[in-house]
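Heads up, structure_1.pdb below (PDB, C-alpha atoms, pLDDT in the B column):
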```pdb
ATOM      1  CA  MET A   1     -55.482 109.876 -80.805  1.00 51.00           C
ATOM      2  CA  ARG A   2     -57.918 112.618 -81.159  1.00 53.00           C
ATOM      3  CA  ARG A   3     -56.782 116.162 -81.413  1.00 56.00           C
ATOM      4  CA  THR A   4     -58.647 118.931 -79.915  1.00 57.00           C
ATOM      5  CA  GLY A   5     -57.562 122.499 -79.342  1.00 54.00           C
ATOM      6  CA  LEU A   6     -54.361 121.462 -77.566  1.00 56.00           C
ATOM      7  CA  ARG A   7     -51.322 119.951 -79.296  1.00 58.00           C
ATOM      8  CA  CYS A   8     -50.640 116.278 -78.880  1.00 58.00           C
ATOM      9  CA  THR A   9     -47.795 115.350 -76.518  1.00 58.00           C
ATOM     10  CA  THR A  10     -46.489 112.607 -78.850  1.00 65.00           C
ATOM     11  CA  ASP A  11     -45.315 115.229 -81.364  1.00 68.00           C
ATOM     12  CA  ASN A  12     -43.044 116.746 -78.713  1.00 73.00           C
ATOM     13  CA  ASP A  13     -41.708 113.312 -77.692  1.00 78.00           C
ATOM     14  CA  THR A  14     -40.885 112.430 -81.302  1.00 82.00           C
ATOM     15  CA  ALA A  15     -39.055 115.712 -81.811  1.00 80.00           C
ATOM     16  CA  ALA A  16     -36.984 115.195 -78.650  1.00 83.00           C
ATOM     17  CA  ALA A  17     -36.174 111.584 -79.585  1.00 86.00           C
ATOM     18  CA  ASN A  18     -35.044 112.630 -83.071  1.00 87.00           C
ATOM     19  CA  MET A  19     -32.839 115.359 -81.630  1.00 89.00           C
ATOM     20  CA  ILE A  20     -31.216 112.999 -79.095  1.00 92.00           C
ATOM     21  CA  GLU A  21     -30.620 110.404 -81.837  1.00 92.00           C
ATOM     22  CA  TYR A  22     -29.002 113.047 -84.072  1.00 93.00           C
ATOM     23  CA  VAL A  23     -26.688 114.276 -81.287  1.00 94.00           C
ATOM     24  CA  MET A  24     -25.619 110.738 -80.295  1.00 95.00           C
ATOM     25  CA  VAL A  25     -24.916 109.581 -83.848  1.00 95.00           C
ATOM     26  CA  SER A  26     -23.022 112.799 -84.596  1.00 96.00           C
ATOM     27  CA  GLY A  27     -20.949 112.373 -81.425  1.00 96.00           C
ATOM     28  CA  VAL A  28     -19.974 108.783 -82.290  1.00 96.00           C
ATOM     29  CA  VAL A  29     -19.050 109.782 -85.846  1.00 96.00           C
ATOM     30  CA  MET A  30     -16.934 112.690 -84.584  1.00 96.00           C
ATOM     31  CA  CYS A  31     -15.076 110.383 -82.152  1.00 95.00           C
ATOM     32  CA  LEU A  32     -14.333 107.939 -84.975  1.00 95.00           C
ATOM     33  CA  LEU A  33     -13.134 110.801 -87.176  1.00 94.00           C
ATOM     34  CA  ILE A  34     -10.750 112.038 -84.466  1.00 93.00           C
ATOM     35  CA  VAL A  35      -9.298 108.540 -83.966  1.00 91.00           C
ATOM     36  CA  MET A  36      -8.865 108.154 -87.727  1.00 90.00           C
ATOM     37  CA  LEU A  37      -7.074 111.513 -88.023  1.00 88.00           C
ATOM     38  CA  LEU A  38      -4.638 110.510 -85.274  1.00 87.00           C
ATOM     39  CA  LEU A  39      -3.835 107.218 -87.015  1.00 85.00           C
ATOM     40  CA  VAL A  40      -3.513 108.646 -90.523  1.00 84.00           C
ATOM     41  CA  ASN A  41      -0.316 110.529 -89.701  1.00 77.00           C
ATOM     42  CA  SER A  42       1.598 107.458 -88.536  1.00 76.00           C
ATOM     43  CA  THR A  43       0.166 105.049 -91.089  1.00 79.00           C
ATOM     44  CA  ILE A  44       0.042 107.036 -94.297  1.00 82.00           C
ATOM     45  CA  MET A  45       2.763 109.652 -93.798  1.00 81.00           C
ATOM     46  CA  GLU A  46       5.444 108.414 -91.379  1.00 83.00           C
ATOM     47  CA  GLY A  47       5.662 104.809 -92.611  1.00 83.00           C
ATOM     48  CA  PRO A  48       6.631 105.618 -96.210  1.00 85.00           C
ATOM     49  CA  ALA A  49       8.906 108.457 -95.045  1.00 86.00           C
ATOM     50  CA  ASN A  50      10.784 106.035 -92.768  1.00 88.00           C
ATOM     51  CA  ARG A  51      11.161 103.484 -95.582  1.00 90.00           C
ATOM     52  CA  LEU A  52      12.478 106.222 -97.866  1.00 90.00           C
ATOM     53  CA  SER A  53      14.873 107.410 -95.153  1.00 92.00           C
ATOM     54  CA  TYR A  54      16.236 103.898 -94.576  1.00 93.00           C
ATOM     55  CA  VAL A  55      17.028 103.441 -98.270  1.00 94.00           C
ATOM     56  CA  ALA A  56      18.538 106.939 -98.492  1.00 93.00           C
ATOM     57  CA  PHE A  57      20.647 106.287 -95.353  1.00 94.00           C
ATOM     58  CA  THR A  58      22.015 103.138 -96.997  1.00 93.00           C
ATOM     59  CA  ASP A  59      22.887 105.107-100.140  1.00 93.00           C
ATOM     60  CA  VAL A  60      24.632 107.828 -98.114  1.00 92.00           C
ATOM     61  CA  GLY A  61      26.567 105.200 -96.114  1.00 91.00           C
ATOM     62  CA  ASN A  62      27.681 103.448 -99.308  1.00 90.00           C
ATOM     63  CA  GLY A  63      28.785 106.770-100.814  1.00 89.00           C
ATOM     64  CA  ILE A  64      30.827 107.728 -97.767  1.00 90.00           C
ATOM     65  CA  SER A  65      32.386 104.263 -97.553  1.00 88.00           C
ATOM     66  CA  THR A  66      33.383 104.486-101.224  1.00 87.00           C
ATOM     67  CA  ARG A  67      34.931 107.931-100.771  1.00 89.00           C
ATOM     68  CA  ILE A  68      36.920 106.787 -97.747  1.00 86.00           C
ATOM     69  CA  VAL A  69      38.235 103.777 -99.698  1.00 85.00           C
ATOM     70  CA  ASP A  70      39.150 106.098-102.597  1.00 87.00           C
ATOM     71  CA  VAL A  71      41.159 108.346-100.266  1.00 86.00           C
ATOM     72  CA  TYR A  72      42.844 105.247 -98.825  1.00 84.00           C
ATOM     73  CA  ALA A  73      43.739 104.029-102.326  1.00 85.00           C
ATOM     74  CA  ILE A  74      45.545 107.256-103.261  1.00 87.00           C
ATOM     75  CA  ALA A  75      46.888 108.125 -99.796  1.00 84.00           C
ATOM     76  CA  PRO A  76      50.516 109.288-100.008  1.00 85.00           C
ATOM     77  CA  LEU A  77      53.247 107.612 -97.963  1.00 85.00           C
ATOM     78  CA  ASP A  78      54.394 110.993 -96.722  1.00 88.00           C
ATOM     79  CA  GLY A  79      51.976 113.921 -96.779  1.00 87.00           C
ATOM     80  CA  THR A  80      48.322 114.784 -96.548  1.00 90.00           C
ATOM     81  CA  ILE A  81      45.282 114.539 -98.770  1.00 90.00           C
ATOM     82  CA  SER A  82      41.851 116.041 -98.292  1.00 89.00           C
ATOM     83  CA  THR A  83      38.649 115.851-100.290  1.00 88.00           C
ATOM     84  CA  ARG A  84      35.141 117.226-100.026  1.00 89.00           C
ATOM     85  CA  MET A  85      32.069 115.069-100.252  1.00 86.00           C
ATOM     86  CA  ASP A  86      28.596 115.977-101.376  1.00 86.00           C
ATOM     87  CA  ILE A  87      25.701 114.462 -99.425  1.00 89.00           C
ATOM     88  CA  PRO A  88      22.080 115.596 -99.179  1.00 90.00           C
ATOM     89  CA  PRO A  89      21.538 118.236 -96.470  1.00 90.00           C
ATOM     90  CA  ASP A  90      18.376 116.467 -95.305  1.00 90.00           C
ATOM     91  CA  ILE A  91      16.388 113.314 -95.991  1.00 91.00           C
ATOM     92  CA  ALA A  92      12.598 113.476 -95.780  1.00 87.00           C
ATOM     93  CA  GLY A  93      12.957 117.013 -94.433  1.00 87.00           C
ATOM     94  CA  LYS A  94      15.054 116.078 -91.386  1.00 90.00           C
ATOM     95  CA  VAL A  95      18.746 116.312 -90.475  1.00 93.00           C
ATOM     96  CA  TYR A  96      20.674 113.053 -89.989  1.00 93.00           C
ATOM     97  CA  TYR A  97      24.007 112.052 -88.441  1.00 93.00           C
ATOM     98  CA  ILE A  98      26.960 110.045 -89.736  1.00 92.00           C
ATOM     99  CA  GLU A  99      29.457 108.201 -87.567  1.00 91.00           C
ATOM    100  CA  ILE A 100      32.378 105.942 -88.397  1.00 87.00           C
ATOM    101  CA  GLY A 101      32.376 102.989 -85.989  1.00 77.00           C
ATOM    102  CA  ARG A 102      35.555 101.849 -84.286  1.00 71.00           C
ATOM    103  CA  GLY A 103      35.129  98.229 -85.332  1.00 64.00           C
ATOM    104  CA  GLY A 104      36.232  95.129 -83.482  1.00 62.00           C
ATOM    105  CA  VAL A 105      39.777  94.103 -82.561  1.00 62.00           C
ATOM    106  CA  ASN A 106      42.452  96.285 -84.251  1.00 60.00           C
ATOM    107  CA  GLY A 107      39.781  98.310 -86.038  1.00 57.00           C
ATOM    108  CA  VAL A 108      38.708  95.415 -88.246  1.00 65.00           C
ATOM    109  CA  ASN A 109      35.091  95.430 -89.483  1.00 73.00           C
ATOM    110  CA  GLN A 110      34.545  99.155 -89.175  1.00 81.00           C
ATOM    111  CA  ASP A 111      31.252 100.506 -90.393  1.00 86.00           C
ATOM    112  CA  VAL A 112      29.585 103.740 -91.386  1.00 89.00           C
ATOM    113  CA  THR A 113      26.435 104.354 -89.347  1.00 91.00           C
ATOM    114  CA  VAL A 114      23.867 106.827 -90.646  1.00 93.00           C
ATOM    115  CA  TYR A 115      21.068 107.562 -88.195  1.00 94.00           C
ATOM    116  CA  ARG A 116      18.288 109.877 -87.055  1.00 92.00           C
ATOM    117  CA  ASP A 117      16.026 109.399 -84.037  1.00 88.00           C
ATOM    118  CA  TYR A 118      15.301 105.661 -83.825  1.00 89.00           C
ATOM    119  CA  LEU A 119      16.042 104.931 -87.491  1.00 92.00           C
ATOM    120  CA  SER A 120      19.597 103.864 -88.407  1.00 92.00           C
ATOM    121  CA  THR A 121      21.567 101.830 -90.913  1.00 93.00           C
ATOM    122  CA  SER A 122      25.142 100.525 -90.919  1.00 90.00           C
ATOM    123  CA  VAL A 123      27.291  99.981 -93.997  1.00 88.00           C
ATOM    124  CA  SER A 124      30.626  98.141 -93.994  1.00 84.00           C
ATOM    125  CA  LEU A 125      33.734 100.240 -94.534  1.00 81.00           C
ATOM    126  CA  ALA A 126      35.161  97.696 -97.009  1.00 70.00           C
ATOM    127  CA  GLY A 127      37.825  96.314 -94.665  1.00 61.00           C
ATOM    128  CA  ILE A 128      40.387  99.116 -94.736  1.00 64.00           C
ATOM    129  CA  GLY A 129      40.216  99.568 -90.977  1.00 56.00           C
ATOM    130  CA  ALA A 130      42.774  96.789 -90.423  1.00 59.00           C
ATOM    131  CA  SER A 131      45.539  98.778 -92.150  1.00 66.00           C
ATOM    132  CA  LYS A 132      44.455 102.402 -91.596  1.00 69.00           C
ATOM    133  CA  GLY A 133      42.354 103.486 -88.648  1.00 70.00           C
ATOM    134  CA  VAL A 134      39.347 105.556 -89.674  1.00 79.00           C
ATOM    135  CA  THR A 135      37.436 107.733 -87.224  1.00 81.00           C
ATOM    136  CA  GLY A 136      35.075 110.650 -87.366  1.00 84.00           C
ATOM    137  CA  ASN A 137      31.516 111.866 -87.427  1.00 87.00           C
ATOM    138  CA  THR A 138      29.453 114.646 -88.957  1.00 88.00           C
ATOM    139  CA  THR A 139      25.899 115.746 -89.540  1.00 89.00           C
ATOM    140  CA  SER A 140      24.181 116.155 -92.847  1.00 88.00           C
ATOM    141  CA  ARG A 141      24.638 119.898 -92.521  1.00 87.00           C
ATOM    142  CA  GLY A 142      28.105 119.776 -90.955  1.00 76.00           C
ATOM    143  CA  MET A 143      31.582 119.796 -92.468  1.00 75.00           C
ATOM    144  CA  LYS A 144      31.774 117.253 -95.241  1.00 83.00           C
ATOM    145  CA  ARG A 145      35.490 116.645 -95.704  1.00 87.00           C
ATOM    146  CA  ILE A 146      37.589 113.495 -95.647  1.00 86.00           C
ATOM    147  CA  SER A 147      41.216 114.069 -94.731  1.00 86.00           C
ATOM    148  CA  TYR A 148      44.280 111.824 -94.436  1.00 85.00           C
ATOM    149  CA  SER A 149      47.671 112.652 -92.964  1.00 85.00           C
ATOM    150  CA  SER A 150      50.570 110.225 -92.914  1.00 81.00           C
ATOM    151  CA  ALA A 151      51.721 111.809 -89.640  1.00 81.00           C
ATOM    152  CA  GLY A 152      48.306 111.233 -88.069  1.00 76.00           C
ATOM    153  CA  TYR A 153      45.859 113.624 -86.464  1.00 70.00           C
TER     154      TYR A 153
END
```
Would it be possible to restate this file's structure as structure tokens?
Amino acid sequence: MRRTGLRCTTDNDTAAANMIEYVMVSGVVMCLLIVMLLLVNSTIMEGPANRLSYVAFTDVGNGISTRIVDVYAIAPLDGTISTRMDIPPDIAGKVYYIEIGRGGVNGVNQDVTVYRDYLSTSVSLAGIGASKGVTGNTTSRGMKRISYSSAGY
């Protein structure tokens, strides 16, 4: 192509094509980046936090079950006994709940359920429910006391 005093039209077409290519590629890359950022939270952060919470819930349930069995072992025939328990105020930065299940027939097979949102774990109460009924619930930031009264509550 021969140039004279006027500019060639192919230079303008090449510049426009390069600009359109740059905008399209940048747009696709930005869309992929946004999708990746949305998936990173659930994959990299929430998954390990939920695994940690499940293991910690099991530990808390075992600790509470042990303390309840200890109170049962030293429970007086006539009188009351009360003890405090120490559990973490939060696990993975969130509050959790503790509930003592009623069990099957006659309170047999009671369990301690520790849960938050859709994540929960149950730990056996070591079979004392058949002789002494155990009930109650609390939160991780609630009252943390185990009490027994021979007269009942």
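Applied to the shown file, the PyMOL selection byres ((chain A and resi 145) around 12) selects the residues Ile64, Arg67, Ile68, Val71, Ile81, Ser82, Thr83, Arg84, Met85, Asp86, Ile87, Gly136, Asn137, Thr138, Thr139, Ser140, Arg141, Gly142, Met143, Lys144, Ile146, Ser147 and Tyr148 of chain A.
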task: Name the residues that the PyMOL selection byres ((chain A and resi 94) around 10) picks from the file above, as a PyMOL selection string, using the file's chain letters and numbers.
output: chain A and resi 53+89-93+95-96+116-117+140
Can you list what the PyMOL selection byres ((chain A and resi 55) around 12) grabs from this structure, as a VMD selection string? chain A and resid 48 to 54 56 to 62 91 to 92 114 to 115 119 to 123
